[in-house]
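Shown here: final-v1.cif, mmCIF, C-alpha atoms.
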data_structure
#
loop_
_atom_site.label_atom_id
_atom_site.label_comp_id
_atom_site.auth_asym_id
_atom_site.auth_seq_id
_atom_site.Cartn_x
_atom_site.Cartn_y
_atom_site.Cartn_z
CA MET Z 322 13.49 -8.84 19.37
CA LEU Z 323 13.39 -7.89 15.71
CA SER Z 324 14.76 -4.48 14.77
CA TRP Z 325 15.46 -2.81 11.46
CA GLN Z 326 16.90 0.53 10.42
CA ASN Z 327 17.71 2.30 7.16
CA LEU Z 328 15.55 -0.24 5.30
CA SER Z 329 14.92 0.66 1.66
CA VAL Z 330 13.21 -1.51 -0.95
CA TYR Z 331 13.33 -1.01 -4.71
CA ALA Z 332 11.30 -2.62 -7.50
CA VAL Z 333 13.49 -3.45 -10.49
CA ASP Z 334 12.12 -4.52 -13.84
CA ARG Z 335 13.88 -6.18 -16.77
CA ARG Z 336 14.97 -2.84 -18.22
CA ILE Z 337 16.93 -1.97 -15.04
CA VAL Z 338 14.46 0.80 -14.23
CA SER Z 339 14.00 0.92 -10.48
CA LYS Z 340 11.31 2.47 -8.32
CA GLN Z 341 11.83 3.08 -4.63
CA LEU Z 342 8.99 1.42 -2.71
CA ILE Z 343 10.24 1.97 0.85
CA ASN Z 344 12.77 4.58 1.95
CA ASN Z 345 14.82 4.64 5.17
CA VAL Z 346 12.33 2.84 7.46
CA ARG Z 347 13.19 1.80 11.00
CA GLY Z 348 11.34 -0.07 13.72
CA VAL Z 349 11.44 -2.55 16.59
CA ALA Z 350 9.20 -5.51 17.46
CA ARG Z 351 9.77 -6.88 20.95
CA PRO Z 352 8.67 -10.31 22.23
CA GLY Z 353 5.04 -10.30 23.34
CA GLU Z 354 4.15 -7.14 21.42
CA ILE Z 355 1.43 -7.01 18.80
CA ILE Z 356 2.45 -4.90 15.81
CA ALA Z 357 0.10 -3.46 13.19
CA ILE Z 358 1.23 -2.33 9.73
CA LEU Z 359 -1.25 0.23 8.42
CA GLY Z 360 -1.41 2.12 5.15
CA GLY Z 361 -3.44 2.69 2.06
CA SER Z 362 -3.35 0.65 -1.10
CA GLY Z 363 0.14 0.75 -2.60
CA ALA Z 364 1.75 2.13 0.57
CA GLY Z 365 4.33 -0.69 0.77
CA LYS Z 366 2.91 -2.88 3.56
CA SER Z 367 3.51 -6.15 1.71
CA SER Z 368 6.92 -4.96 0.51
CA LEU Z 369 7.91 -4.17 4.11
CA MET Z 370 6.80 -7.59 5.37
CA THR Z 371 8.58 -9.35 2.48
CA ALA Z 372 11.82 -7.51 3.29
CA LEU Z 373 11.52 -8.24 7.02
CA ALA Z 374 10.95 -11.93 6.26
CA LEU Z 375 14.19 -11.86 4.21
CA ARG Z 376 12.29 -13.03 1.13
CA ALA Z 377 13.34 -10.02 -0.94
CA GLU Z 378 16.51 -10.20 -3.03
CA ARG Z 379 19.34 -8.36 -1.28
CA ARG Z 380 21.67 -6.01 -3.14
#
Mind converting the file's structure to structure tokens?
Amino acid sequence: MLSWQNLSVYAVDRRIVSKQLINNVRGVARPGEIIAILGGSGAGKSSLMTALALRAERR
């Protein structure tokens, strides 16, 4: 089982200006389940998957 709670993701540029991409998201993916991530362009789908895959830099 994969679960996450209070997940927030920020984009930080070289000038230390940050933009919150994802705020306080929670969810659960159980073995055998099929999960769909839906949203419009720029909604944060790729950012969510990057964070869940632990590819995002942690702070």
Apply the PyMOL selection byres ((chain Z and resi 341-350) around 6) to the structure shown and report the selected residues as a PDB file with C-alpha atoms, in the frame of the given file.
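What ended up in expr-v7.pdb:
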ATOM      1  CA  MET Z 322      13.490  -8.840  19.370  1.00  0.00           C
ATOM      2  CA  LEU Z 323      13.390  -7.890  15.710  1.00  0.00           C
ATOM      3  CA  SER Z 324      14.760  -4.480  14.770  1.00  0.00           C
ATOM      4  CA  TRP Z 325      15.460  -2.810  11.460  1.00  0.00           C
ATOM      5  CA  GLN Z 326      16.900   0.530  10.420  1.00  0.00           C
ATOM      6  CA  ASN Z 327      17.710   2.300   7.160  1.00  0.00           C
ATOM      7  CA  LEU Z 328      15.550  -0.240   5.300  1.00  0.00           C
ATOM      8  CA  SER Z 329      14.920   0.660   1.660  1.00  0.00           C
ATOM      9  CA  VAL Z 330      13.210  -1.510  -0.950  1.00  0.00           C
ATOM     10  CA  TYR Z 331      13.330  -1.010  -4.710  1.00  0.00           C
ATOM     11  CA  LYS Z 340      11.310   2.470  -8.320  1.00  0.00           C
ATOM     12  CA  ARG Z 351       9.770  -6.880  20.950  1.00  0.00           C
TER      13      ARG Z 351
END
Inset, instruction - Calculate how many Å separate atom CA of Z:Leu373 from atom CA of Z:Arg336, rounding to one decimal. - result: 26.0 Å
Inset, instruction - Could you tell me which residues the PyMOL selection byres ((chain Z and resi 358) around 10) grabs in this file, written as number ranges by chain? - result: Z: 356-357, 359-360, 365-367, 369-370
Inset, instruction - Can you work out the spacing between atom CA of Z:Thr371 and atom CA of Z:Ala332 in Å, to one decimal? - result: 12.3 Å
